[in-house]
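Novice: The following block contains the structure, expressed as C-alpha cells.
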Amino acid sequence: MTSKQMLKEYTDMLFKEAMEKKKNGELICWSSSVVPGELFDAMDISVIYPENHAAIIGAKHYSDVLIEHAENIGYDNGICSYAKINLAYTDYILNRDKYKTEIENCPSPEIPLPDIIVVCNNICSLLIKWYENLAVTLNVPFVLIDVPFIHTGEISKKEVGYILSQFENIKREIETIAGRKYDEEKLKEEMAQRKRSSIAWEKVMKLSEEKPSALNGFDLFNFMSLAVCASYRKCAEDTFNTLYEELKNAEETNENGMRVFWEGIACWPYLSFTYKTLKNCGFKVSASMYPDMWNVQYSNMEEMAAAFANIYTNRSLDEKIKLISSMGEKSHCDAYVYHQNRSCKLMSFLLNETAEGVKSVTGKPYIIFDGDQTDPGNFSQGQFETKVQALSEMAENY
Amino acid sequence: MKNINDIINILNETAQNPKKAVDVIIENGEKVCGIMPAFVPEEIAYAAGYIPVGIWGSDGEIKNAQSVMPPFCCSIMMSVIENQLKGIYDVCDFIVVSSLCDTLKCMGQKYKGKSPIIQISHPHNRSIENAVDFAAEEYSILREKIENIRGSKITDRDIFNAIEVYNENRKALRRFGEISYKYSDIITPVIRRNVFKSGYFMDRKNHTELINSLCDLLEEREAVSDKKGVVLTGIIADDRKILDMLYRNDFYVAADDIVNESGFANCHAPDEKDPIIFLAKMWTGGKSTLFAYDPFKKRAEHIIDEVKRTGAAGVVFCYMPFCDVDAFDEPIIVKRLKEENIPFIKIDFGMQDTNYSRAETKIEAFSEMLEL
Ligand code: SF4
Ligand code: SF4
C-alpha cells in the first residue's frame, strides 16, 4: 500500500471501530487534540478527536452548515469554529430524527457520542469552556489535564508535579467508568508505540531540512490526522515510515523555488487554494510548527507530563520566536506566512510580535493573512493572493 | 463623622476619576503597582508597600490598539492596550497579570509599557491536592520578583498583615452586597458599582473604613422596595450609561455575579500558618466559577440561587463581546434560566462600540415585561 492508501484505510478504520464499539456498549472518549490518548486507549476506550473531525468537515466544505446551526442554537459568532462545528454536530446527533438529512449530508464519517470527555489546555483555554458545555449537554464526566501556561523560561518541577497528580486522578476516573483495574502494562506498551510513531513522524518532518527535498508541508497537514488520532497505534508508525521512504526516493518538484514557513493551522476549506496560490508564486511550504505539536516523545509519566506541557502553543513569546526561527532556518525558509486565525485568540494575538521577533533573527520577509481554520466566511481569497504575491516579490528581492 | 452623601461622593469621585485618584496616591508619596485580571494575589504587592491599582480597561475611543491587536479581542484588553500605548499605566512600578484565559496568556507576553510585567499561572483543576502546592510556588515566585523590584525581602508578617487588610475589605464588601439592595432609593446601580470599583484605586484600608461607615449609615435607614431587583452576571459591569438606563427603568441591583465585584469580595480562605498557602487556598477553595474550570456549570446555578435568595425579578447578562468565558456560558445559562422561568436580558457591556439605543430599547421592554 502507498502511504496515501494507508492513511485512508487507517483513518476509516478508526472511525468504524469507534462506531462498532459504541454499538457493542463499549466506552468512547472525546478528546482535545494534543492529549495522551493512550491513557484511555490502554483501557479499550476508543478516543475520538472532535477537532480532527471538524477539520475533515471543513476540508469537505460542509462547515458552513454546522456553523450556522451552532449560531442558531445560541452560540456566539465570535467563538472558535471547531467548537461551533462540534457543538452543532452534537446537537444533530442528540436530535437525530429532526436532523436526519443534515447528518446524512455531512461528508465526514459519523462519530459516536462519548461516555467521558477529556481536555488538555496546552493548545488553548477555550477548549475548557467548549468541553464544559459538552459535559453539561451530554451529562458525561469531564476530566481536565490542566497544564499551566509556561509564561517564563522552561517548565519546572512544580508544573510536572501538578500534572502528574492529574494523570493519577484520570486513571481512577477511568477505573470507575470502566469497572476494572487500570491496565498499566498496556499503557506502557502504548507509550512506547507513541514514541516510535513520533520518531517516524519527526523523520518525515525533518526531510524539510534537506536540499533538495520532496516533502511538501501540505503533505504534513494531510497526514497529521493520523498523528493526532493514532500515535499510540502501530498503524501511525507504519504509515509515517512508508511516507518517509516514498519521499526520500522521490524527486523535488520545486527544486529552484522558494521555501516558506506556514505558521498556524491550515485553512481546511481552502487547502487546495492556498496550496496553489503559494505554488503559483513559486513557494513550497517547507515547515510549520503545527504538525510538530504531535511529535511528543516520552518514556515515563513524568516525561509525559513535561512533553504535553511543553507544546509550543503553551510557551512564552520568546520561546515561540526561538522555536519558529530555528525550525525555519533549519528548513531553509525564504519567507514566513502567518495565519491570523479568527477562531483562535491564542494563535493570533501574538502574531505581530512573533513575526517581528522571527524576522529579527532570520531577516526573512513575512506576511500575516486573515483566515480561519474551518469557517470559510473568514477567509478572503483575494487578500491571500495579493499578500502572497507581495511576499514573493519581497523574498525574491531579499 | 461623614454623612452618607459625603461617603458616596468620595467613592463616586474615586471610581469615576481613577487617574486622579492614582495621582493623589502618588503625590502622597506612595508607590503603585497594576493588577490585571483576575484573582491575582495582590496582597503580596500590598505587603511590599505598593498600593495595587486595578487594570480593567476603561471606556474611551480605541485609536491605536487595533494596529497591534486583532479586532476580535475583548474590549477590556483592547482598552488596556490602548491605555498602554498612551503610557497611562507607566506610573506603576510593575504590573501583574494572570493566565486564566487565552487573551490573558497573550497579554502577559504582549504588554510593552514601561512598567515590567509579571505573569502568573493559576491551577484550573482546583480540587486536585497538588493544585495548592502549584499555586503556592507560582505565588512564591511572584513574591521573589516583587522583592527584586523593591530591593528587599517581604516578611511573612507583612503578608499576614496585608491578608488581614484585604480580608477586612472583602468582609465589608460582602456586608455591603448583602444589605445594599434594601436601599435602592439611594444605592443606584452606578453607586453600587462605584462602591466596588473605588476599591481598585485607593488603599484597601481606607476603603474598608468608608464601606463599613456606609453600611452603618444605611442600616439606620428604612428599607425601601419600590423598584425591581435584578442579578447581574458577567466579567465586568462597568458601563455607566447602561447602569443609568437600568435605574431610569426602575431597576436596582439585587446581587451580582461579576468578577471584579462579588467575585473579588467572595474570596475567602481558611487560616494557614504559611501566608502563601493561605493565598493559594483562596484560589483553590474559591467559589467563583467565572474564569475557573466549571465542569458542572455551577455559574448558572449560582445565578439562580442569587435570584432566589434576593427575590430578584430577573437577570441581566452583562455580556463581554469576544470573551470565550461568556460566550460558552451563555447558552447554558439561558437554558437554565428558561427552565426556572427567570426572566433575563443580555446586554453587551463592551467598553466601546456599544449600541446604546438598542440597549435602552431592550431594557425598556424588559422593564415593561416585568410590570405585567
Ligand atoms: S483553533 Fe484555537 S481556539 Fe480553536 S480549539 Fe484550536 S487552539 Fe483552541
Ligand atoms: S476572561 Fe474574557 S473579558 Fe477577561 S480577559 Fe479573558 S477574554 Fe477578556
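Naming works like this for the C-alpha cells: A, B, ... for the chains as they're shown, residue 1 at the start of each chain, ligands 1 onward in shown order.
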If the cut-off is 9 Å, can you tell me the residues of chain B near chain A, counting only C-alpha atoms? I'd like them as a PyMOL selection string.

Specialist: chain B and resi 68-70+72-73+99-103+105-110+119-125+128-131+133-134+137-138+293-297+321-325+327-332+334

Novice: Need to verify the contact set: B:Arg170, 9 Å, only C-alpha atoms, exclusion of same-chain residues closer than 3 positions in sequence. Can you return it as a short mmCIF file (atom, residue, chain, number, x, y, z; two decimals) with all heavy atoms, in the first residue's frame?

Specialist:
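Below is the file that was written, selection-v2.cif:
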```
data_model
loop_
_atom_site.label_atom_id
_atom_site.label_comp_id
_atom_site.auth_asym_id
_atom_site.auth_seq_id
_atom_site.Cartn_x
_atom_site.Cartn_y
_atom_site.Cartn_z
N VAL B 165 -5.81 43.08 55.99
CA VAL B 165 -6.41 44.28 55.39
C VAL B 165 -7.40 43.88 54.29
O VAL B 165 -8.53 44.37 54.23
CB VAL B 165 -5.30 45.19 54.78
CG1 VAL B 165 -5.91 46.29 53.91
CG2 VAL B 165 -4.45 45.79 55.89
N TYR B 166 -6.98 42.94 53.46
CA TYR B 166 -7.85 42.52 52.35
C TYR B 166 -9.05 41.73 52.85
O TYR B 166 -10.16 41.86 52.33
CB TYR B 166 -7.04 41.71 51.31
CG TYR B 166 -6.44 42.62 50.27
CD1 TYR B 166 -5.35 43.42 50.58
CD2 TYR B 166 -7.00 42.73 49.00
CE1 TYR B 166 -4.80 44.28 49.64
CE2 TYR B 166 -6.46 43.59 48.06
CZ TYR B 166 -5.36 44.36 48.38
OH TYR B 166 -4.85 45.22 47.44
N ASN B 167 -8.83 40.89 53.86
CA ASN B 167 -9.97 40.13 54.39
C ASN B 167 -11.03 41.07 54.95
O ASN B 167 -12.23 40.86 54.76
CB ASN B 167 -9.51 39.18 55.50
CG ASN B 167 -9.01 37.87 54.91
OD1 ASN B 167 -9.09 37.66 53.71
ND2 ASN B 167 -8.47 37.02 55.77
N LEU B 173 -17.18 44.50 51.93
CA LEU B 173 -17.87 44.49 50.64
C LEU B 173 -19.00 43.46 50.61
O LEU B 173 -20.05 43.68 50.03
CB LEU B 173 -16.89 44.26 49.49
CG LEU B 173 -16.01 45.47 49.14
CD1 LEU B 173 -14.90 45.07 48.18
CD2 LEU B 173 -16.84 46.61 48.54
N ARG B 174 -18.73 42.32 51.26
CA ARG B 174 -19.80 41.30 51.32
C ARG B 174 -20.98 41.84 52.12
O ARG B 174 -22.14 41.66 51.76
CB ARG B 174 -19.28 40.01 51.96
CG ARG B 174 -18.35 39.22 51.07
CD ARG B 174 -18.24 37.77 51.53
NE ARG B 174 -17.60 37.62 52.84
CZ ARG B 174 -16.27 37.54 53.02
NH1 ARG B 174 -15.46 37.59 51.99
NH2 ARG B 174 -15.77 37.39 54.24
N ARG B 175 -20.66 42.53 53.21
CA ARG B 175 -21.71 43.12 54.04
C ARG B 175 -22.52 44.11 53.19
O ARG B 175 -23.76 44.09 53.19
CB ARG B 175 -21.07 43.84 55.23
CG ARG B 175 -22.06 44.51 56.14
CD ARG B 175 -21.36 45.25 57.27
NE ARG B 175 -22.29 46.07 58.01
CZ ARG B 175 -21.94 47.12 58.74
NH1 ARG B 175 -20.66 47.48 58.81
NH2 ARG B 175 -22.85 47.81 59.39
N THR B 208 -12.09 50.13 53.31
CA THR B 208 -12.87 49.37 54.28
C THR B 208 -13.59 50.30 55.26
O THR B 208 -14.78 50.12 55.56
CB THR B 208 -11.94 48.42 55.08
OG1 THR B 208 -11.22 47.64 54.13
CG2 THR B 208 -12.71 47.51 56.01
N SER B 262 -18.55 41.05 43.26
CA SER B 262 -18.63 39.96 44.25
C SER B 262 -17.54 38.92 44.06
O SER B 262 -17.14 38.25 45.02
CB SER B 262 -19.98 39.26 44.15
OG SER B 262 -20.96 40.14 44.56
N PHE B 264 -14.54 39.39 43.61
CA PHE B 264 -13.44 39.80 44.48
C PHE B 264 -13.85 39.62 45.95
O PHE B 264 -13.11 39.04 46.75
CB PHE B 264 -13.09 41.27 44.19
CG PHE B 264 -12.12 41.87 45.18
CD1 PHE B 264 -10.75 41.68 45.02
CD2 PHE B 264 -12.57 42.60 46.28
CE1 PHE B 264 -9.85 42.21 45.94
CE2 PHE B 264 -11.69 43.12 47.19
CZ PHE B 264 -10.32 42.93 47.02
N ALA B 265 -15.03 40.11 46.28
CA ALA B 265 -15.45 40.12 47.69
C ALA B 265 -15.61 38.71 48.26
O ALA B 265 -15.37 38.49 49.44
CB ALA B 265 -16.75 40.90 47.82
N ASN B 266 -16.02 37.77 47.42
CA ASN B 266 -16.32 36.43 47.93
C ASN B 266 -15.10 35.56 48.16
O ASN B 266 -15.23 34.43 48.62
CB ASN B 266 -17.27 35.71 46.98
CG ASN B 266 -18.68 36.28 47.09
OD1 ASN B 266 -19.00 36.94 48.08
ND2 ASN B 266 -19.50 36.06 46.08
N CYS B 267 -13.91 36.04 47.79
CA CYS B 267 -12.72 35.22 48.04
C CYS B 267 -12.49 35.11 49.53
O CYS B 267 -12.53 36.10 50.25
CB CYS B 267 -11.48 35.87 47.41
SG CYS B 267 -11.50 35.78 45.64
N HIS B 268 -12.23 33.92 49.95
CA HIS B 268 -12.06 33.72 51.38
C HIS B 268 -11.21 32.47 51.57
O HIS B 268 -11.32 31.53 50.81
CB HIS B 268 -13.44 33.53 52.03
CG HIS B 268 -13.35 33.53 53.50
ND1 HIS B 268 -13.05 34.66 54.22
CD2 HIS B 268 -13.51 32.53 54.39
CE1 HIS B 268 -13.03 34.35 55.50
NE2 HIS B 268 -13.30 33.07 55.63
#
```

Novice: For ligand 2, which residue among B:Gly57, B:Pro37, B:Gly199, B:Pro343 is the nearest when counting only C-alpha atoms and all ligand atoms?

Specialist: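 For ligand 2, the nearest of the candidates is B:Pro37.
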
Novice: Got a sec to tell me which of stretch 112-159 of chain A DSSP assigns to strand (DSSP E), as a ChimeraX atom specification?

Specialist: /A:116-120,142-145

Novice: Please return as JSON, numbers by chain: the residues of stretch 127-326 of chain B that backbone DSSP assigns to alpha helix (DSSP H).

Specialist: {"B": [130, 131, 132, 133, 134, 135, 136, 137, 138, 139, 140, 141, 142, 143, 144, 145, 146, 147, 148, 149, 150, 156, 157, 158, 159, 160, 161, 162, 163, 164, 165, 166, 167, 168, 169, 170, 171, 172, 173, 174, 175, 176, 177, 178, 179, 189, 190, 191, 192, 193, 194, 195, 196, 197, 198, 204, 205, 206, 207, 208, 209, 210, 211, 212, 213, 214, 215, 216, 217, 218, 219, 240, 241, 242, 243, 244, 245, 246, 247, 248, 262, 263, 264, 265, 275, 276, 277, 278, 279, 280, 281, 282, 283, 284, 298, 299, 300, 301, 302, 303, 304, 305, 306, 307, 308, 309, 310, 324, 325, 326]}

Novice: Residues at most 10 Å from B:Gly350, counting only C-alpha atoms, excluding those fewer than 5 positions away in the same chain, as an mmCIF file with all heavy atoms, in the first residue's frame?

Specialist:
```cif
data_model
loop_
_atom_site.group_PDB
_atom_site.id
_atom_site.type_symbol
_atom_site.label_atom_id
_atom_site.label_comp_id
_atom_site.auth_asym_id
_atom_site.auth_seq_id
_atom_site.Cartn_x
_atom_site.Cartn_y
_atom_site.Cartn_z
ATOM 1 N N ASP B 59 -13.584 53.075 29.415
ATOM 2 C CA ASP B 59 -14.265 53.396 28.161
ATOM 3 C C ASP B 59 -13.425 54.449 27.440
ATOM 4 O O ASP B 59 -12.365 54.836 27.911
ATOM 5 C CB ASP B 59 -15.728 53.828 28.376
ATOM 6 C CG ASP B 59 -15.881 54.682 29.615
ATOM 7 O OD1 ASP B 59 -14.863 55.240 30.054
ATOM 8 O OD2 ASP B 59 -17.002 54.779 30.140
ATOM 9 N N CYS B 74 -11.432 40.939 23.292
ATOM 10 C CA CYS B 74 -12.434 41.518 24.190
ATOM 11 C C CYS B 74 -12.100 42.989 24.445
ATOM 12 O O CYS B 74 -10.926 43.386 24.401
ATOM 13 C CB CYS B 74 -12.455 40.763 25.519
ATOM 14 S SG CYS B 74 -10.996 41.025 26.529
ATOM 15 N N SER B 75 -13.133 43.783 24.730
ATOM 16 C CA SER B 75 -12.856 45.214 24.801
ATOM 17 C C SER B 75 -12.096 45.605 26.064
ATOM 18 O O SER B 75 -11.453 46.653 26.090
ATOM 19 C CB SER B 75 -14.119 46.031 24.633
ATOM 20 O OG SER B 75 -15.099 45.570 25.476
ATOM 21 N N ILE B 76 -12.105 44.772 27.104
ATOM 22 C CA ILE B 76 -11.291 45.120 28.286
ATOM 23 C C ILE B 76 -9.822 45.186 27.856
ATOM 24 O O ILE B 76 -9.119 46.164 28.105
ATOM 25 C CB ILE B 76 -11.403 44.068 29.419
ATOM 26 C CG1 ILE B 76 -12.847 43.854 29.850
ATOM 27 C CG2 ILE B 76 -10.531 44.450 30.601
ATOM 28 C CD1 ILE B 76 -12.995 42.902 31.035
ATOM 29 N N ILE B 236 -17.307 42.105 33.790
ATOM 30 C CA ILE B 236 -17.432 43.406 34.452
ATOM 31 C C ILE B 236 -18.768 44.037 34.037
ATOM 32 O O ILE B 236 -19.331 43.702 32.999
ATOM 33 C CB ILE B 236 -16.291 44.407 34.134
ATOM 34 C CG1 ILE B 236 -16.143 44.630 32.641
ATOM 35 C CG2 ILE B 236 -14.991 43.993 34.752
ATOM 36 C CD1 ILE B 236 -15.189 45.789 32.335
ATOM 37 N N ALA B 237 -19.239 44.966 34.878
ATOM 38 C CA ALA B 237 -20.476 45.696 34.545
ATOM 39 C C ALA B 237 -20.153 47.156 34.814
ATOM 40 O O ALA B 237 -20.618 47.765 35.767
ATOM 41 C CB ALA B 237 -21.622 45.215 35.417
ATOM 42 N N ASP B 238 -19.288 47.668 33.945
ATOM 43 C CA ASP B 238 -18.667 48.945 34.255
ATOM 44 C C ASP B 238 -19.275 50.105 33.481
ATOM 45 O O ASP B 238 -18.873 51.237 33.657
ATOM 46 C CB ASP B 238 -17.161 48.816 33.906
ATOM 47 C CG ASP B 238 -16.349 49.879 34.606
ATOM 48 O OD1 ASP B 238 -16.848 50.425 35.604
ATOM 49 O OD2 ASP B 238 -15.236 50.175 34.152
ATOM 50 N N ASP B 239 -20.218 49.810 32.604
ATOM 51 C CA ASP B 239 -20.694 50.861 31.709
ATOM 52 C C ASP B 239 -21.741 51.734 32.410
ATOM 53 O O ASP B 239 -22.870 51.327 32.650
ATOM 54 C CB ASP B 239 -21.287 50.215 30.451
ATOM 55 C CG ASP B 239 -21.498 51.222 29.353
ATOM 56 O OD1 ASP B 239 -21.998 52.329 29.658
ATOM 57 O OD2 ASP B 239 -21.168 50.918 28.200
ATOM 58 N N CYS B 318 -24.483 40.659 31.605
ATOM 59 C CA CYS B 318 -23.612 41.767 31.169
ATOM 60 C C CYS B 318 -22.535 41.151 30.287
ATOM 61 O O CYS B 318 -21.477 40.737 30.769
ATOM 62 C CB CYS B 318 -22.982 42.445 32.373
ATOM 63 S SG CYS B 318 -24.194 42.904 33.611
ATOM 64 N N TYR B 319 -22.825 41.071 29.040
ATOM 65 C CA TYR B 319 -22.044 40.253 28.117
ATOM 66 C C TYR B 319 -20.819 40.988 27.591
ATOM 67 O O TYR B 319 -20.904 42.138 27.174
ATOM 68 C CB TYR B 319 -22.954 39.884 26.950
ATOM 69 C CG TYR B 319 -22.413 38.801 26.063
ATOM 70 C CD1 TYR B 319 -22.465 37.474 26.471
ATOM 71 C CD2 TYR B 319 -21.877 39.094 24.826
ATOM 72 C CE1 TYR B 319 -21.981 36.461 25.662
ATOM 73 C CE2 TYR B 319 -21.399 38.093 24.005
ATOM 74 C CZ TYR B 319 -21.454 36.779 24.428
ATOM 75 O OH TYR B 319 -20.983 35.789 23.611
ATOM 76 N N MET B 320 -19.694 40.313 27.635
ATOM 77 C CA MET B 320 -18.458 40.901 27.100
ATOM 78 C C MET B 320 -18.203 40.299 25.719
ATOM 79 O O MET B 320 -17.851 39.127 25.608
ATOM 80 C CB MET B 320 -17.300 40.575 28.057
ATOM 81 C CG MET B 320 -15.945 41.077 27.619
ATOM 82 S SD MET B 320 -15.852 42.838 27.295
ATOM 83 C CE MET B 320 -16.256 43.533 28.896
ATOM 84 N N PRO B 321 -18.412 41.080 24.666
ATOM 85 C CA PRO B 321 -18.177 40.525 23.334
ATOM 86 C C PRO B 321 -16.730 40.020 23.194
ATOM 87 O O PRO B 321 -15.808 40.615 23.762
ATOM 88 C CB PRO B 321 -18.420 41.710 22.387
ATOM 89 C CG PRO B 321 -19.300 42.636 23.171
ATOM 90 C CD PRO B 321 -18.896 42.473 24.596
ATOM 91 N N PHE B 322 -16.571 38.932 22.487
ATOM 92 C CA PHE B 322 -15.280 38.282 22.232
ATOM 93 C C PHE B 322 -14.630 37.692 23.481
ATOM 94 O O PHE B 322 -13.427 37.455 23.519
ATOM 95 C CB PHE B 322 -14.288 39.224 21.533
ATOM 96 C CG PHE B 322 -14.767 39.657 20.180
ATOM 97 C CD1 PHE B 322 -15.071 40.983 19.922
ATOM 98 C CD2 PHE B 322 -14.975 38.721 19.188
ATOM 99 C CE1 PHE B 322 -15.551 41.371 18.683
ATOM 100 C CE2 PHE B 322 -15.454 39.098 17.943
ATOM 101 C CZ PHE B 322 -15.734 40.432 17.688
ATOM 102 N N CYS B 323 -15.433 37.471 24.513
ATOM 103 C CA CYS B 323 -14.907 36.781 25.693
ATOM 104 C C CYS B 323 -15.417 35.345 25.651
ATOM 105 O O CYS B 323 -16.615 35.111 25.677
ATOM 106 C CB CYS B 323 -15.382 37.476 26.965
ATOM 107 S SG CYS B 323 -15.061 36.484 28.421
ATOM 108 N N ASN B 355 -24.026 49.810 21.352
ATOM 109 C CA ASN B 355 -25.195 50.415 20.722
ATOM 110 C C ASN B 355 -26.186 50.764 21.832
ATOM 111 O O ASN B 355 -26.984 49.938 22.270
ATOM 112 C CB ASN B 355 -25.781 49.398 19.735
ATOM 113 C CG ASN B 355 -26.937 49.970 18.956
ATOM 114 O OD1 ASN B 355 -27.625 50.879 19.419
ATOM 115 N ND2 ASN B 355 -27.150 49.443 17.774
#
```

Novice: Have a look at B:Ile211, B:Val190, B:Met77, B:Leu370 and name the one nearest to ligand 2; count only C-alpha atoms and all ligand atoms.

Specialist: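 Using only C-alpha atoms and all ligand atoms, the shortest distance to ligand 2 belongs to B:Met77.
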
Novice: For B:Ile179, work out the shell of residues within 12 Å, counting only C-alpha atoms and skipping chain neighbours fewer than 5 positions away, then give it as a PyMOL selection string.

Specialist: chain B and resi 172-174+184+187+192+211-212+214-224+253-255+310

Novice: Pull C-alpha atoms from the residues just selected and write them as a PDB file, in the first residue's frame.

Specialist:
```pdb
ATOM      1  CA  ALA B 172     -17.033  44.904  54.319  1.00  0.00           C
ATOM      2  CA  LEU B 173     -17.875  44.495  50.637  1.00  0.00           C
ATOM      3  CA  ARG B 174     -19.802  41.302  51.317  1.00  0.00           C
ATOM      4  CA  SER B 184     -32.456  51.191  46.274  1.00  0.00           C
ATOM      5  CA  ILE B 187     -27.868  52.867  46.174  1.00  0.00           C
ATOM      6  CA  ARG B 192     -23.279  50.233  43.769  1.00  0.00           C
ATOM      7  CA  ILE B 211     -17.645  50.898  53.263  1.00  0.00           C
ATOM      8  CA  ASN B 212     -18.270  49.989  56.897  1.00  0.00           C
ATOM      9  CA  LEU B 214     -21.624  53.478  54.669  1.00  0.00           C
ATOM     10  CA  CYS B 215     -23.178  50.203  55.789  1.00  0.00           C
ATOM     11  CA  ASP B 216     -23.707  51.534  59.334  1.00  0.00           C
ATOM     12  CA  LEU B 217     -25.467  54.586  57.964  1.00  0.00           C
ATOM     13  CA  LEU B 218     -27.546  52.570  55.519  1.00  0.00           C
ATOM     14  CA  GLU B 219     -28.737  50.295  58.283  1.00  0.00           C
ATOM     15  CA  GLU B 220     -30.126  53.292  60.115  1.00  0.00           C
ATOM     16  CA  ARG B 221     -32.447  53.951  57.213  1.00  0.00           C
ATOM     17  CA  GLU B 222     -35.793  52.489  56.349  1.00  0.00           C
ATOM     18  CA  ALA B 223     -35.608  49.719  53.794  1.00  0.00           C
ATOM     19  CA  VAL B 224     -37.450  50.501  50.571  1.00  0.00           C
ATOM     20  CA  VAL B 253     -29.099  45.585  41.547  1.00  0.00           C
ATOM     21  CA  ALA B 254     -30.165  42.886  43.969  1.00  0.00           C
ATOM     22  CA  ALA B 255     -26.900  40.953  43.730  1.00  0.00           C
ATOM     23  CA  THR B 310     -32.787  38.128  46.925  1.00  0.00           C
TER      24      THR B 310
END
```

Novice: Nearest to ligand 1: which of A:Glu51, A:Glu245, A:Glu168, A:Glu190 is it, counting only C-alpha atoms and all ligand atoms?

Specialist: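 Of all the options, A:Glu51 lies closest to ligand 1.
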
Novice: Smallest atom-to-atom distance to ligand 2: which of B:Ala45, B:Gly113, B:Val315, B:Phe39, using only C-alpha atoms and all ligand atoms?

Specialist: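 Using only C-alpha atoms and all ligand atoms, ligand 2 sits closest to B:Phe39.
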
Novice: Which residues of stretch 30-91 of chain A come within 12 Å of stretch 281-302 of chain A, and for each one, what is the closest pair of atoms and their distance in Å to one decimal, counting only C-alpha atoms, sorted by chain and residue number, as a tab-separated table?

Specialist:
```
residue	atom	partner	partner_atom	distance
A:Ser33	CA	A:Trp294	CA	8.8
A:Val34	CA	A:Trp294	CA	6.9
A:Val35	CA	A:Trp294	CA	9.3
A:Pro36	CA	A:Val296	CA	9.2
A:Gly37	CA	A:Trp294	CA	11.7
A:Glu38	CA	A:Met301	CA	11.7
A:Leu39	CA	A:Met301	CA	10.5
```

Novice: Just write the chosen residues, N, CA and C atoms, as a PDB file, in the first residue's frame.

Specialist:
```
ATOM      1  N   SER A  33      -7.065  17.755  20.978  1.00  0.00           N
ATOM      2  CA  SER A  33      -6.179  17.068  20.034  1.00  0.00           C
ATOM      3  C   SER A  33      -4.770  16.751  20.527  1.00  0.00           C
ATOM      4  N   VAL A  34      -4.269  17.492  21.518  1.00  0.00           N
ATOM      5  CA  VAL A  34      -2.904  17.173  21.968  1.00  0.00           C
ATOM      6  C   VAL A  34      -2.969  16.630  23.398  1.00  0.00           C
ATOM      7  N   VAL A  35      -3.320  15.367  23.482  1.00  0.00           N
ATOM      8  CA  VAL A  35      -3.604  14.704  24.763  1.00  0.00           C
ATOM      9  C   VAL A  35      -2.950  13.327  24.711  1.00  0.00           C
ATOM     10  N   PRO A  36      -2.473  12.801  25.841  1.00  0.00           N
ATOM     11  CA  PRO A  36      -2.015  11.409  25.817  1.00  0.00           C
ATOM     12  C   PRO A  36      -3.219  10.468  25.737  1.00  0.00           C
ATOM     13  N   GLY A  37      -3.702  10.261  24.527  1.00  0.00           N
ATOM     14  CA  GLY A  37      -4.911   9.452  24.315  1.00  0.00           C
ATOM     15  C   GLY A  37      -4.736   8.019  24.776  1.00  0.00           C
ATOM     16  N   GLU A  38      -3.446   7.587  24.871  1.00  0.00           N
ATOM     17  CA  GLU A  38      -3.215   6.204  25.309  1.00  0.00           C
ATOM     18  C   GLU A  38      -3.710   5.958  26.728  1.00  0.00           C
ATOM     19  N   LEU A  39      -3.865   7.014  27.513  1.00  0.00           N
ATOM     20  CA  LEU A  39      -4.422   6.838  28.863  1.00  0.00           C
ATOM     21  C   LEU A  39      -5.784   6.165  28.777  1.00  0.00           C
TER      22      LEU A  39
END
```

Novice: I'd like the neighbourhood of A:Gly179 as number ranges by chain, where a residue qualifies if any of its atoms comes within 12 Å (using only C-alpha atoms), though same-chain residues fewer than 4 positions away should be ignored.

Specialist: A: 26-27, 43-44, 171-175, 183

Novice: Near A:Asn52, within 9 Å and counting only C-alpha atoms, which residues show up once chain neighbours fewer than 3 positions away are dropped, as a list in words?

Specialist: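 So the residues in contact are Ser32, Ser33, Ile48, Tyr49, Ala55, Ile56, Ile57, Tyr82, Ser225, Val228 and Cys229 of chain A.
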
Novice: Find, counting only C-alpha atoms and all ligand atoms, the residue in A:Gly264, A:Gly58, A:Gly217, A:Pro107 that gets nearest to ligand 1.

Specialist: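 With only C-alpha atoms and all ligand atoms as the atom set, the closest residue is A:Gly264.
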
Novice: By how many Å are atom 3 (S, counted along the ligand's line) of ligand 1 and atom CA of B:Glu261 apart?

Specialist: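 Those two atoms sit 28.1 Å apart.
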
Novice: Using only C-alpha atoms, which protein or nucleic acid residues come within 9 Å of A:Ala250? Drop anything in the same chain fewer than 2 positions from it, and give the result as a CSV table (one decimal) with N, CA and C atoms, in the first residue's frame.

Specialist:
```csv
chain,number,residue,atom,x,y,z
A,213,SER,N,14.4,18.4,-1.4
A,213,SER,CA,13.6,17.6,-0.6
A,213,SER,C,12.2,17.5,-1.3
A,214,ALA,N,11.7,16.3,-1.3
A,214,ALA,CA,10.4,16.1,-2.0
A,214,ALA,C,9.2,16.4,-1.0
A,215,LEU,N,9.6,16.7,0.2
A,215,LEU,CA,8.5,16.9,1.2
A,215,LEU,C,7.8,18.3,0.9
A,245,GLU,N,9.9,6.8,3.3
A,245,GLU,CA,10.6,6.1,2.2
A,245,GLU,C,10.2,6.6,0.9
A,246,GLU,N,8.9,6.9,0.7
A,246,GLU,CA,8.4,7.4,-0.6
A,246,GLU,C,9.1,8.8,-0.9
A,247,LEU,N,9.1,9.6,0.1
A,247,LEU,CA,9.6,11.0,-0.1
A,247,LEU,C,11.1,11.0,-0.3
A,248,LYS,N,11.7,10.1,0.5
A,248,LYS,CA,13.2,10.0,0.4
A,248,LYS,C,13.6,9.7,-1.0
A,252,GLU,N,12.5,16.2,-5.9
A,252,GLU,CA,11.9,17.5,-5.5
A,252,GLU,C,11.3,18.2,-6.8
A,253,THR,N,10.1,18.7,-6.7
A,253,THR,CA,9.4,19.2,-7.8
A,253,THR,C,9.7,20.7,-7.9
```
